[in-house]
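Report on the structure given below.
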Amino acid sequence: MNDTSVGITKAVVPVAGLGTRFLPATKATPKEMLPVVDKPAIQYVVEEAASAGMSDILMVTGRNKRPLEDHFDRNYELEATLHAKGDGDRLARVCASSELGDIHYVRQGDPRGLGHAVLCAAPHVGNEPFAVLLGDDLIDPRDPLLSRMAEVRARFGGSVVALMEVDPGQIHLYGCAAIEATGDGDVVRITDLVEKPDPGTAPSNYAVIGRYVLDPEIFDVLRRTEPGRGGEIQLTDALQALAVATPQPDGTTGGPVHGVVFKGRRYDTGDRADFLRATVRLAWEREDLGPEFREWLREFVAQDALTSVVQDALTPVAQDALTPVA
Ligand code: UTP
């Protein structure tokens with residue numbers, strides 16, 4: 001059994017997916033580099049890991065990895081130009097992304113699934129608990145989740161996933177957890193996990209979202225995990241094996257698996273509609289851009305509402321006008 005009291009310092013961020021839902025934008029650019037207001041989505045994720053004390057970040061990359069690496073690296077030419085202009089504000093913003101921690105990269109060859117991407121991190125992570133943050137899942141910085149998950153791991157051992165209650169009609173899009181209460185408000189024990197359950201078969205409305213704190217035992221399980229849904233090696237399937245594992249003679253199981261039920265703001269920036277929601281909401285709340293943007297958006301919505309009212313009122317008249325006179 002690993003020492004569960006140790007702080008978690010390593011975070012793995014898989015960014016090797018194909019991003020097909022966002023084509024053609026993601027044909028030559030990783031979806032994680034799409035800007036949410038004025039920062040690429042991935043920067044919010046790395047900032048979240050850094051603010052939870054995870055200073056060692058491993059990105060599991062695939063094709064088109066260069067923009068990601070460049071974004072988290074220094075850009076001396078740009079820095080020198082901004083410095084010469086005395087533009088300290090922009091200089092600070094340019095430097096921020098290269099000062100978030102030690103960022104490492106490993107390549108996933110073929111995108112054989114999230115489970116396979118996590119397995120690519122095994123040599124770097126070694127035998128210690130670690131966090132996984134999906135690079136396209138944006139958790140609002142005001143709703144901390146990762147540090148709570150690390151606390152739950154420290155208390156119960158094993159692995160911890162983030163759960164969110166979703167509309168029953170949406171659960172087939174997620175990994176879904178069967179749960180039982182622990183007596184601790186936001187913490188549940190996971191008794192079963194199913195990746196993207198067929199409609200009507202989901203054991204609950206609790207969806208697994210893109211934050212995990214994992215026991216290193218997961219690597220052994222992933223090595224044995226066969227391709228599942230979509231022909232991909234699914235992290236959910238490996239976690240399911242840990243959740244239902246029988247204790248071994250030495251007392252270890254790799255489990256248990258707990259869930260932290262998250263009620264904060266979260267956006268799947270790989271989904272176009274959610275990406276737009278994230279952009280609008282974060283822009284709306286920004287001190288610098290917010291006032292002007294809010295004014296424009298209010299006018300836009302009011303104008304749209306007015307247009308609909310006028311169209312509705314005119315429809316019978318227009319229909320009459322079109323009716324041929326007998
Ligand atoms: P998604 O399920 O969003 O898949 O992956 P995707 O391929 O990136 O996007 P779509 O569905 O085609 O639009 C969830 C996370 O797992 C990573 C992705 O980068 C994303 O952060 N991933 C997925 C990998 O790193 N490797 C894989 O083989 C699959």
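Residues in the structure tokens are numbered from 1 in each chain, the chains being A, B, ... in the order shown, and ligands are numbered from 1 in the order shown.
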
Item to complete: Do a neighbour search on Pro197 in chain A at 8 Å with only C-alpha atoms, toss out local chain neighbours closer than 2 positions, and write the hits as a list in words.
Response: Ile171, His172, Leu173, Tyr174, Gly175, Cys176, Val194, Glu195, Pro199, Gly200, Thr201 and Ala202 of chain A

Item to complete: For Cys95 in chain A, list every protein, DNA or RNA residue within 7 Å, evaluated using only C-alpha atoms, and leave out those in the same chain fewer than 4 positions away; present the list as a PyMOL selection string.
Response: chain A and resi 74+91+99

Could those residues be written to a file, using all heavy atoms, as a PDB file, in the first residue's frame?
ATOM      1  N   ARG A  74       9.522  29.600 -22.968  1.00  0.00           N
ATOM      2  CA  ARG A  74       9.812  31.033 -23.086  1.00  0.00           C
ATOM      3  C   ARG A  74       9.773  31.441 -24.558  1.00  0.00           C
ATOM      4  O   ARG A  74      10.042  30.638 -25.444  1.00  0.00           O
ATOM      5  CB  ARG A  74      11.224  31.325 -22.548  1.00  0.00           C
ATOM      6  CG  ARG A  74      11.457  30.930 -21.110  1.00  0.00           C
ATOM      7  CD  ARG A  74      10.820  31.893 -20.124  1.00  0.00           C
ATOM      8  NE  ARG A  74      11.307  33.253 -20.280  1.00  0.00           N
ATOM      9  CZ  ARG A  74      12.373  33.746 -19.620  1.00  0.00           C
ATOM     10  NH1 ARG A  74      13.052  32.985 -18.780  1.00  0.00           N
ATOM     11  NH2 ARG A  74      12.742  35.012 -19.798  1.00  0.00           N
ATOM     12  N   LEU A  91       3.824  41.650 -21.066  1.00  0.00           N
ATOM     13  CA  LEU A  91       5.026  40.840 -20.796  1.00  0.00           C
ATOM     14  C   LEU A  91       4.724  39.825 -19.690  1.00  0.00           C
ATOM     15  O   LEU A  91       5.054  38.640 -19.810  1.00  0.00           O
ATOM     16  CB  LEU A  91       6.186  41.763 -20.397  1.00  0.00           C
ATOM     17  CG  LEU A  91       7.516  41.083 -20.083  1.00  0.00           C
ATOM     18  CD1 LEU A  91       8.033  40.300 -21.284  1.00  0.00           C
ATOM     19  CD2 LEU A  91       8.562  42.115 -19.644  1.00  0.00           C
ATOM     20  N   GLU A  99       5.944  29.803 -16.449  1.00  0.00           N
ATOM     21  CA  GLU A  99       6.401  29.787 -15.047  1.00  0.00           C
ATOM     22  C   GLU A  99       5.484  28.957 -14.154  1.00  0.00           C
ATOM     23  O   GLU A  99       5.487  29.101 -12.946  1.00  0.00           O
ATOM     24  CB  GLU A  99       6.452  31.242 -14.521  1.00  0.00           C
ATOM     25  CG  GLU A  99       7.570  32.037 -15.195  1.00  0.00           C
ATOM     26  CD  GLU A  99       7.416  33.550 -15.000  1.00  0.00           C
ATOM     27  OE1 GLU A  99       6.403  33.977 -14.396  1.00  0.00           O
ATOM     28  OE2 GLU A  99       8.300  34.271 -15.471  1.00  0.00           O
TER      29      GLU A  99
END

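Using only C-alpha atoms, the shortest contact distance between Pro256 in chain A and any of A:Gly53, A:Gly210, A:Pro67, A:Gly157 is found at A:Gly157.
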
Practice prompt. Name the residues in contact with range 189-192 of chain A at a cut-off of 8 Å, using only C-alpha atoms, excluding same-chain residues fewer than 6 positions from it; report them as an MDAnalysis selection string.
Written response: chainID A and resid 177:182 240 243:244 256:259

Would you mind exporting the chosen residues as an mmCIF file, in the first residue's frame, restricted to all heavy atoms?
data_model
loop_
_atom_site.group_PDB
_atom_site.id
_atom_site.type_symbol
_atom_site.label_atom_id
_atom_site.label_comp_id
_atom_site.auth_asym_id
_atom_site.auth_seq_id
_atom_site.Cartn_x
_atom_site.Cartn_y
_atom_site.Cartn_z
ATOM 1 N N ALA A 177 -21.163 6.154 -12.909
ATOM 2 C CA ALA A 177 -20.786 5.450 -11.682
ATOM 3 C C ALA A 177 -21.999 4.992 -10.896
ATOM 4 O O ALA A 177 -22.951 5.765 -10.721
ATOM 5 C CB ALA A 177 -19.945 6.380 -10.813
ATOM 6 N N ALA A 178 -21.964 3.737 -10.422
ATOM 7 C CA ALA A 178 -22.911 3.302 -9.398
ATOM 8 C C ALA A 178 -22.249 3.647 -8.065
ATOM 9 O O ALA A 178 -21.053 3.393 -7.882
ATOM 10 C CB ALA A 178 -23.154 1.806 -9.505
ATOM 11 N N ILE A 179 -23.037 4.233 -7.154
ATOM 12 C CA ILE A 179 -22.406 4.778 -5.940
ATOM 13 C C ILE A 179 -23.140 4.351 -4.686
ATOM 14 O O ILE A 179 -24.311 3.968 -4.729
ATOM 15 C CB ILE A 179 -22.390 6.320 -5.996
ATOM 16 C CG1 ILE A 179 -23.822 6.863 -6.156
ATOM 17 C CG2 ILE A 179 -21.504 6.829 -7.128
ATOM 18 C CD1 ILE A 179 -23.924 8.358 -5.947
ATOM 19 N N GLU A 180 -22.410 4.444 -3.552
ATOM 20 C CA GLU A 180 -23.096 4.354 -2.265
ATOM 21 C C GLU A 180 -22.541 5.453 -1.354
ATOM 22 O O GLU A 180 -21.382 5.864 -1.504
ATOM 23 C CB GLU A 180 -22.977 2.954 -1.648
ATOM 24 C CG GLU A 180 -21.592 2.459 -1.432
ATOM 25 C CD GLU A 180 -21.542 0.980 -0.989
ATOM 26 O OE1 GLU A 180 -22.394 0.185 -1.453
ATOM 27 O OE2 GLU A 180 -20.646 0.648 -0.202
ATOM 28 N N ALA A 181 -23.390 5.920 -0.437
ATOM 29 C CA ALA A 181 -23.011 7.052 0.412
ATOM 30 C C ALA A 181 -21.888 6.653 1.370
ATOM 31 O O ALA A 181 -21.735 5.474 1.719
ATOM 32 C CB ALA A 181 -24.231 7.522 1.195
ATOM 33 N N THR A 182 -21.109 7.642 1.797
ATOM 34 C CA THR A 182 -20.063 7.384 2.799
ATOM 35 C C THR A 182 -20.397 8.069 4.113
ATOM 36 O O THR A 182 -19.683 7.925 5.088
ATOM 37 C CB THR A 182 -18.703 7.940 2.335
ATOM 38 O OG1 THR A 182 -18.837 9.360 2.179
ATOM 39 C CG2 THR A 182 -18.227 7.308 1.057
ATOM 40 N N GLN A 240 -12.952 0.604 -13.065
ATOM 41 C CA GLN A 240 -14.016 -0.334 -12.700
ATOM 42 C C GLN A 240 -13.390 -1.585 -12.087
ATOM 43 O O GLN A 240 -13.856 -2.093 -11.077
ATOM 44 C CB GLN A 240 -14.842 -0.670 -13.943
ATOM 45 C CG GLN A 240 -16.215 -1.222 -13.640
ATOM 46 C CD GLN A 240 -16.216 -2.739 -13.588
ATOM 47 O OE1 GLN A 240 -15.227 -3.352 -13.959
ATOM 48 N NE2 GLN A 240 -17.295 -3.309 -13.101
ATOM 49 N N ALA A 243 -12.415 -0.788 -8.656
ATOM 50 C CA ALA A 243 -13.566 -0.568 -7.767
ATOM 51 C C ALA A 243 -14.135 -1.888 -7.253
ATOM 52 O O ALA A 243 -14.626 -1.959 -6.131
ATOM 53 C CB ALA A 243 -14.651 0.227 -8.483
ATOM 54 N N VAL A 244 -14.059 -2.932 -8.075
ATOM 55 C CA VAL A 244 -14.673 -4.211 -7.673
ATOM 56 C C VAL A 244 -13.622 -5.265 -7.297
ATOM 57 O O VAL A 244 -13.957 -6.424 -7.090
ATOM 58 C CB VAL A 244 -15.585 -4.770 -8.804
ATOM 59 C CG1 VAL A 244 -16.714 -3.796 -9.103
ATOM 60 C CG2 VAL A 244 -14.796 -5.080 -10.062
ATOM 61 N N PRO A 256 -9.804 1.334 -2.571
ATOM 62 C CA PRO A 256 -11.107 1.500 -3.193
ATOM 63 C C PRO A 256 -11.105 2.643 -4.213
ATOM 64 O O PRO A 256 -10.089 3.308 -4.404
ATOM 65 C CB PRO A 256 -11.984 1.855 -2.000
ATOM 66 C CG PRO A 256 -11.061 2.604 -1.081
ATOM 67 C CD PRO A 256 -9.718 1.954 -1.246
ATOM 68 N N VAL A 257 -12.260 2.857 -4.841
ATOM 69 C CA VAL A 257 -12.424 4.033 -5.699
ATOM 70 C C VAL A 257 -13.559 4.878 -5.114
ATOM 71 O O VAL A 257 -14.653 4.365 -4.886
ATOM 72 C CB VAL A 257 -12.735 3.642 -7.160
ATOM 73 C CG1 VAL A 257 -12.870 4.893 -8.023
ATOM 74 C CG2 VAL A 257 -11.649 2.727 -7.729
ATOM 75 N N HIS A 258 -13.238 6.118 -4.828
ATOM 76 C CA HIS A 258 -14.249 7.043 -4.313
ATOM 77 C C HIS A 258 -14.554 8.116 -5.353
ATOM 78 O O HIS A 258 -13.765 8.340 -6.279
ATOM 79 C CB HIS A 258 -13.768 7.696 -3.004
ATOM 80 C CG HIS A 258 -13.892 6.776 -1.836
ATOM 81 N ND1 HIS A 258 -12.905 5.877 -1.490
ATOM 82 C CD2 HIS A 258 -14.918 6.598 -0.952
ATOM 83 C CE1 HIS A 258 -13.307 5.180 -0.441
ATOM 84 N NE2 HIS A 258 -14.525 5.588 -0.090
ATOM 85 N N GLY A 259 -15.663 8.765 -5.184
ATOM 86 C CA GLY A 259 -16.025 9.884 -6.061
ATOM 87 C C GLY A 259 -16.240 11.134 -5.223
ATOM 88 O O GLY A 259 -16.780 11.050 -4.115
#

Quick one: residues within 12 Å of range 234-237 of chain A, only C-alpha atoms counted, chain neighbours fewer than 5 positions away excluded, as a short mmCIF file (atom, residue, chain, number, x, y, z; two decimals) with N, CA, C and O atoms, in the first residue's frame?
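Okay, part.cif is ready:
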data_model
loop_
_atom_site.label_atom_id
_atom_site.label_comp_id
_atom_site.auth_asym_id
_atom_site.auth_seq_id
_atom_site.Cartn_x
_atom_site.Cartn_y
_atom_site.Cartn_z
N PRO A 14 -3.53 14.43 -20.38
CA PRO A 14 -3.60 13.84 -21.72
C PRO A 14 -4.15 14.85 -22.73
O PRO A 14 -5.21 15.44 -22.51
N PRO A 111 -3.38 7.33 -30.93
CA PRO A 111 -4.38 7.64 -29.89
C PRO A 111 -5.28 6.43 -29.63
O PRO A 111 -6.35 6.31 -30.20
N ARG A 112 -4.81 5.53 -28.74
CA ARG A 112 -5.54 4.28 -28.50
C ARG A 112 -6.46 4.37 -27.30
O ARG A 112 -6.84 3.36 -26.73
N GLY A 113 -6.79 5.59 -26.91
CA GLY A 113 -7.75 5.76 -25.82
C GLY A 113 -7.12 6.43 -24.60
O GLY A 113 -5.90 6.45 -24.44
N LEU A 114 -8.01 6.97 -23.74
CA LEU A 114 -7.54 7.70 -22.56
C LEU A 114 -6.74 6.78 -21.63
O LEU A 114 -5.73 7.20 -21.06
N GLY A 115 -7.18 5.54 -21.48
CA GLY A 115 -6.45 4.60 -20.62
C GLY A 115 -5.03 4.41 -21.12
O GLY A 115 -4.06 4.41 -20.34
N HIS A 116 -4.89 4.28 -22.42
CA HIS A 116 -3.57 4.11 -23.03
C HIS A 116 -2.73 5.37 -22.84
O HIS A 116 -1.52 5.29 -22.55
N ALA A 117 -3.36 6.55 -22.96
CA ALA A 117 -2.63 7.81 -22.74
C ALA A 117 -2.09 7.86 -21.31
O ALA A 117 -0.92 8.24 -21.09
N VAL A 118 -2.91 7.45 -20.35
CA VAL A 118 -2.46 7.48 -18.94
C VAL A 118 -1.31 6.48 -18.75
O VAL A 118 -0.33 6.76 -18.05
N LEU A 119 -1.41 5.33 -19.41
CA LEU A 119 -0.35 4.32 -19.28
C LEU A 119 0.99 4.85 -19.80
O LEU A 119 2.05 4.49 -19.30
N VAL A 132 -4.78 13.17 -12.70
CA VAL A 132 -4.97 13.27 -14.15
C VAL A 132 -5.99 14.38 -14.39
O VAL A 132 -7.05 14.40 -13.75
N LEU A 134 -7.94 16.13 -17.59
CA LEU A 134 -8.14 16.11 -19.04
C LEU A 134 -7.97 17.53 -19.59
O LEU A 134 -8.53 18.49 -19.05
N SER A 159 -8.11 5.28 -5.26
CA SER A 159 -8.24 6.30 -6.31
C SER A 159 -9.52 7.10 -6.11
O SER A 159 -10.46 6.64 -5.46
N VAL A 160 -9.53 8.29 -6.69
CA VAL A 160 -10.67 9.19 -6.53
C VAL A 160 -11.00 9.78 -7.89
O VAL A 160 -10.11 10.21 -8.62
N VAL A 161 -12.28 9.76 -8.24
CA VAL A 161 -12.70 10.39 -9.50
C VAL A 161 -13.65 11.54 -9.18
O VAL A 161 -14.26 11.57 -8.11
N TYR A 174 -21.08 9.87 -21.13
CA TYR A 174 -20.02 9.88 -20.10
C TYR A 174 -19.74 8.47 -19.59
O TYR A 174 -20.51 7.54 -19.81
N GLY A 175 -18.66 8.38 -18.78
CA GLY A 175 -18.50 7.22 -17.91
C GLY A 175 -19.49 7.43 -16.77
O GLY A 175 -19.70 8.55 -16.32
N CYS A 176 -20.14 6.35 -16.33
CA CYS A 176 -21.21 6.49 -15.33
C CYS A 176 -20.89 5.62 -14.12
O CYS A 176 -20.41 4.49 -14.26
N ALA A 177 -21.16 6.15 -12.91
CA ALA A 177 -20.79 5.45 -11.68
C ALA A 177 -22.00 4.99 -10.90
O ALA A 177 -22.95 5.77 -10.72
N ILE A 190 -17.55 4.22 -4.94
CA ILE A 190 -17.99 3.74 -6.26
C ILE A 190 -18.00 2.22 -6.26
O ILE A 190 -17.00 1.58 -5.92
N ASP A 192 -19.41 0.48 -9.04
CA ASP A 192 -19.36 0.00 -10.42
C ASP A 192 -19.19 1.20 -11.35
O ASP A 192 -19.59 2.32 -11.00
N LEU A 193 -18.59 0.97 -12.50
CA LEU A 193 -18.40 2.04 -13.48
C LEU A 193 -18.65 1.49 -14.87
O LEU A 193 -18.20 0.39 -15.19
N VAL A 194 -19.36 2.26 -15.68
CA VAL A 194 -19.64 1.83 -17.06
C VAL A 194 -19.29 2.99 -17.99
O VAL A 194 -19.74 4.12 -17.75
N GLU A 195 -18.53 2.72 -19.04
CA GLU A 195 -18.20 3.77 -20.00
C GLU A 195 -19.35 3.94 -20.99
O GLU A 195 -19.78 2.99 -21.61
N LYS A 196 -19.84 5.16 -21.11
CA LYS A 196 -20.91 5.51 -22.05
C LYS A 196 -22.01 4.43 -22.12
O LYS A 196 -22.13 3.72 -23.13
N PRO A 197 -22.78 4.30 -21.04
CA PRO A 197 -23.81 3.24 -21.02
C PRO A 197 -24.86 3.44 -22.11
O PRO A 197 -25.18 4.57 -22.46
N ALA A 207 -22.00 11.25 -13.62
CA ALA A 207 -21.04 11.14 -14.72
C ALA A 207 -19.63 11.40 -14.21
O ALA A 207 -19.41 12.26 -13.35
N VAL A 208 -18.69 10.65 -14.76
CA VAL A 208 -17.27 10.87 -14.43
C VAL A 208 -16.80 12.05 -15.29
O VAL A 208 -16.96 12.04 -16.51
N ILE A 209 -16.26 13.07 -14.63
CA ILE A 209 -15.71 14.20 -15.39
C ILE A 209 -14.18 14.17 -15.31
O ILE A 209 -13.61 13.33 -14.61
N GLY A 210 -13.54 15.08 -16.03
CA GLY A 210 -12.11 14.91 -16.30
C GLY A 210 -11.09 15.24 -15.24
O GLY A 210 -10.06 15.86 -15.52
N ARG A 211 -11.33 14.81 -14.00
CA ARG A 211 -10.32 14.95 -12.94
C ARG A 211 -10.24 13.64 -12.17
O ARG A 211 -11.28 13.09 -11.76
N TYR A 212 -9.02 13.17 -11.95
CA TYR A 212 -8.80 11.90 -11.27
C TYR A 212 -7.60 12.04 -10.34
O TYR A 212 -6.64 12.75 -10.69
N LEU A 214 -5.17 9.17 -8.87
CA LEU A 214 -5.05 7.73 -9.10
C LEU A 214 -3.95 7.10 -8.28
O LEU A 214 -2.86 7.68 -8.11
N ILE A 218 -3.05 1.55 -10.80
CA ILE A 218 -3.81 1.67 -12.05
C ILE A 218 -2.98 1.24 -13.26
O ILE A 218 -3.50 0.70 -14.24
N PHE A 219 -1.65 1.45 -13.19
CA PHE A 219 -0.82 1.13 -14.36
C PHE A 219 -0.85 -0.37 -14.66
O PHE A 219 -0.95 -0.78 -15.81
N VAL A 221 -3.18 -2.42 -13.89
CA VAL A 221 -4.52 -2.77 -14.39
C VAL A 221 -4.63 -2.34 -15.85
O VAL A 221 -5.16 -3.10 -16.69
N LEU A 222 -4.13 -1.16 -16.18
CA LEU A 222 -4.22 -0.69 -17.57
C LEU A 222 -3.46 -1.61 -18.53
O LEU A 222 -3.87 -1.83 -19.66
N ARG A 223 -2.33 -2.14 -18.06
CA ARG A 223 -1.55 -3.06 -18.92
C ARG A 223 -2.37 -4.29 -19.28
O ARG A 223 -2.17 -4.89 -20.33
N ARG A 224 -3.31 -4.65 -18.39
CA ARG A 224 -4.13 -5.85 -18.64
C ARG A 224 -5.47 -5.51 -19.29
O ARG A 224 -6.23 -6.39 -19.63
N THR A 225 -5.78 -4.21 -19.41
CA THR A 225 -7.11 -3.82 -19.89
C THR A 225 -7.21 -3.96 -21.40
O THR A 225 -6.40 -3.40 -22.14
N GLU A 226 -8.20 -4.70 -21.84
CA GLU A 226 -8.43 -4.88 -23.28
C GLU A 226 -9.16 -3.66 -23.83
O GLU A 226 -9.86 -2.98 -23.08
N PRO A 227 -9.04 -3.39 -25.12
CA PRO A 227 -9.82 -2.30 -25.70
C PRO A 227 -11.30 -2.50 -25.41
O PRO A 227 -11.81 -3.62 -25.46
N GLY A 228 -11.98 -1.43 -25.05
CA GLY A 228 -13.41 -1.49 -24.72
C GLY A 228 -14.22 -0.69 -25.72
O GLY A 228 -14.00 -0.78 -26.93
N ARG A 229 -15.10 0.16 -25.18
CA ARG A 229 -15.99 0.94 -26.05
C ARG A 229 -15.18 1.75 -27.07
O ARG A 229 -14.16 2.34 -26.74
N LEU A 242 -10.60 -1.78 -10.51
CA LEU A 242 -10.13 -1.45 -9.15
C LEU A 242 -11.30 -1.34 -8.17
O LEU A 242 -11.19 -1.75 -7.02
N ALA A 243 -12.42 -0.79 -8.66
CA ALA A 243 -13.57 -0.57 -7.77
C ALA A 243 -14.14 -1.89 -7.25
O ALA A 243 -14.63 -1.96 -6.13
N VAL A 244 -14.06 -2.93 -8.07
CA VAL A 244 -14.67 -4.21 -7.67
C VAL A 244 -13.62 -5.26 -7.30
O VAL A 244 -13.96 -6.42 -7.09
N VAL A 257 -12.26 2.86 -4.84
CA VAL A 257 -12.42 4.03 -5.70
C VAL A 257 -13.56 4.88 -5.11
O VAL A 257 -14.65 4.36 -4.89
#

Discussion item. Would you pick out the contacts of Arg294 in chain A at 8 Å or less, using only C-alpha atoms, so that residues sharing its chain but fewer than 4 positions from it are not included, and give the list as a list in words?
Written reply: Trp284, Gly290 and Arg298 of chain A

Atoms to include: all heavy atoms. Write the selected residues as a tab-separated table (two decimals), in the first residue's frame.
chain	number	residue	atom	x	y	z
A	284	TRP	N	-17.76	37.47	-19.73
A	284	TRP	CA	-18.77	38.25	-19.01
A	284	TRP	C	-18.25	38.67	-17.63
A	284	TRP	O	-18.50	39.77	-17.15
A	284	TRP	CB	-20.02	37.37	-18.87
A	284	TRP	CG	-21.16	37.94	-18.09
A	284	TRP	CD1	-21.29	37.99	-16.73
A	284	TRP	CD2	-22.35	38.55	-18.61
A	284	TRP	NE1	-22.48	38.56	-16.39
A	284	TRP	CE2	-23.15	38.92	-17.51
A	284	TRP	CE3	-22.81	38.80	-19.91
A	284	TRP	CZ2	-24.40	39.53	-17.67
A	284	TRP	CZ3	-24.05	39.40	-20.07
A	284	TRP	CH2	-24.83	39.77	-18.96
A	290	GLY	N	-15.23	42.57	-19.32
A	290	GLY	CA	-16.62	42.34	-18.93
A	290	GLY	C	-17.57	43.50	-19.20
A	290	GLY	O	-18.60	43.31	-19.86
A	298	ARG	N	-26.05	42.21	-23.83
A	298	ARG	CA	-27.43	42.55	-23.41
A	298	ARG	C	-28.19	43.15	-24.60
A	298	ARG	O	-29.32	42.78	-24.87
A	298	ARG	CB	-27.40	43.56	-22.27
A	298	ARG	CG	-27.12	42.91	-20.94
A	298	ARG	CD	-27.50	43.82	-19.76
A	298	ARG	NE	-27.04	43.22	-18.53
A	298	ARG	CZ	-25.95	43.59	-17.86
A	298	ARG	NH1	-25.20	44.58	-18.32
A	298	ARG	NH2	-25.60	42.98	-16.77

Worksheet item: So what do you get for CA of Tyr105 in chain A versus CA of Thr61 in chain A, distance-wise?
Response: 6.7 Å

Give me, as a tab-separated table, each residue of range 223-306 of chain A that comes within 12 Å of range 136-152 of chain A, together with its shortest interatomic pair and the distance in Å at one decimal, counting only C-alpha atoms, with rows ordered by chain and rising residue number.
residue	atom	partner	partner_atom	distance
A:Pro256	CA	A:Val152	CA	11.2
A:Val257	CA	A:Val152	CA	10.2
A:His258	CA	A:Val152	CA	7.8
A:Gly259	CA	A:Met149	CA	8.2
A:Val260	CA	A:Met149	CA	6.5
A:Val261	CA	A:Leu145	CA	9.2
A:Phe262	CA	A:Leu145	CA	7.1
A:Lys263	CA	A:Asp143	CA	8.4
A:Gly264	CA	A:Asp143	CA	5.5
A:Arg265	CA	A:Asp140	CA	5.4
A:Arg266	CA	A:Ile139	CA	4.5
A:Tyr267	CA	A:Leu138	CA	5.1
A:Asp268	CA	A:Asp137	CA	4.8
A:Thr269	CA	A:Asp136	CA	5.2
A:Gly270	CA	A:Asp136	CA	5.6
A:Asp271	CA	A:Asp136	CA	8.8
A:Arg272	CA	A:Asp136	CA	11.4
A:Asp274	CA	A:Leu138	CA	10.0
A:Phe275	CA	A:Leu138	CA	9.4
A:Arg277	CA	A:Leu138	CA	11.3
A:Ala278	CA	A:Leu138	CA	8.3
A:Thr279	CA	A:Leu138	CA	10.9
A:Arg281	CA	A:Asp140	CA	10.2
A:Leu282	CA	A:Asp140	CA	8.9
A:Glu285	CA	A:Asp140	CA	11.6

Worksheet entry | DSSP strand (DSSP E) residues within range 21-234 of chain A, as number ranges by chain | A: 35-36, 39-40, 56-61, 102-107, 130-133, 137-139, 159-165, 175-181, 187-195, 206-214

Output of the above residues as a compact mmCIF listing (two decimals), in the first residue's frame, restricted to C-alpha atoms:
# COMPACT_ATOMS: atom_id res chain seq x y z
CA PRO A 35 -8.53 30.27 -26.85
CA VAL A 36 -11.16 30.67 -24.16
CA LYS A 39 -5.84 32.04 -22.98
CA PRO A 40 -5.70 28.62 -24.57
CA ASP A 56 5.45 18.42 -12.02
CA ILE A 57 3.19 18.24 -15.05
CA LEU A 58 3.44 15.62 -17.75
CA MET A 59 1.54 16.21 -20.97
CA VAL A 60 0.72 13.18 -23.04
CA THR A 61 0.79 14.59 -26.54
CA ASP A 102 8.14 21.76 -14.62
CA ILE A 103 6.35 20.69 -17.75
CA HIS A 104 7.36 17.44 -19.41
CA TYR A 105 6.10 15.74 -22.54
CA VAL A 106 5.66 12.17 -23.62
CA ARG A 107 4.27 11.08 -26.94
CA PHE A 130 -0.83 11.22 -9.18
CA ALA A 131 -3.54 13.41 -10.64
CA VAL A 132 -4.97 13.27 -14.15
CA LEU A 133 -6.56 16.39 -15.62
CA ASP A 137 -12.09 19.89 -19.34
CA LEU A 138 -12.17 23.33 -17.79
CA ILE A 139 -13.04 23.65 -14.11
CA SER A 159 -8.24 6.30 -6.31
CA VAL A 160 -10.67 9.19 -6.53
CA VAL A 161 -12.70 10.39 -9.50
CA ALA A 162 -14.71 13.56 -9.96
CA LEU A 163 -18.44 13.07 -10.50
CA MET A 164 -21.15 15.39 -11.66
CA GLU A 165 -24.88 14.78 -11.70
CA GLY A 175 -18.50 7.22 -17.91
CA CYS A 176 -21.21 6.49 -15.33
CA ALA A 177 -20.79 5.45 -11.68
CA ALA A 178 -22.91 3.30 -9.40
CA ILE A 179 -22.41 4.78 -5.94
CA GLU A 180 -23.10 4.35 -2.27
CA ALA A 181 -23.01 7.05 0.41
CA VAL A 187 -17.88 11.85 -1.05
CA VAL A 188 -19.32 8.55 -2.34
CA ARG A 189 -17.93 5.08 -2.72
CA ILE A 190 -17.99 3.74 -6.26
CA THR A 191 -19.29 0.22 -6.63
CA ASP A 192 -19.36 0.00 -10.42
CA LEU A 193 -18.40 2.04 -13.48
CA VAL A 194 -19.64 1.83 -17.06
CA GLU A 195 -18.20 3.77 -20.00
CA TYR A 206 -23.48 10.46 -11.89
CA ALA A 207 -21.04 11.14 -14.72
CA VAL A 208 -17.27 10.87 -14.43
CA ILE A 209 -15.71 14.20 -15.39
CA GLY A 210 -12.11 14.91 -16.30
CA ARG A 211 -10.32 14.95 -12.94
CA TYR A 212 -8.80 11.90 -11.27
CA VAL A 213 -6.44 11.17 -8.40
CA LEU A 214 -5.05 7.73 -9.10

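We find CA of Leu289 in chain A and atom 8 (O, counted along the ligand's line) of ligand 1 to be spaced 29.8 Å apart.
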
Discussion item. I'd like to know which of A:Gly185, A:Pro216, A:Gly62, A:Gly101 is closest to ligand 1, using only C-alpha atoms and all ligand atoms.
Written reply: A:Gly62

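The closest residue to ligand 1, picked from A:Asp110, A:Glu128, A:Asp38, A:Asp312 and counting only C-alpha atoms and all ligand atoms, is A:Asp110.
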
Worksheet item: For Lys27 in chain A, which of A:Arg63, A:Arg155, A:Lys85, A:His71 is the closest residue, counting only C-alpha atoms?
Response: A:Arg63

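Among the candidates A:Gly158, A:Pro168, A:Pro129, A:Pro24, the residue lying nearest to ligand 1 is A:Pro24 (atoms considered: only C-alpha atoms and all ligand atoms).
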
Practice prompt. Among the residues of range 212-323 of chain A, find those DSSP assigns to alpha helix (DSSP H) from the backbone and print them as number ranges by chain.
Written response: A: 217-224, 235-243, 272-285, 290-322

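Nearest residue to ligand 1, choosing from A:Ala50, A:Ala92, A:Leu306, A:Ile233 and counting only C-alpha atoms and all ligand atoms: A:Ile233.
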
Worksheet item: Near range 42-49 of chain A, within 6 Å and counting only C-alpha atoms, which residues show up once chain neighbours fewer than 5 positions away are dropped, as number ranges by chain?
Response: A: 32, 54, 135
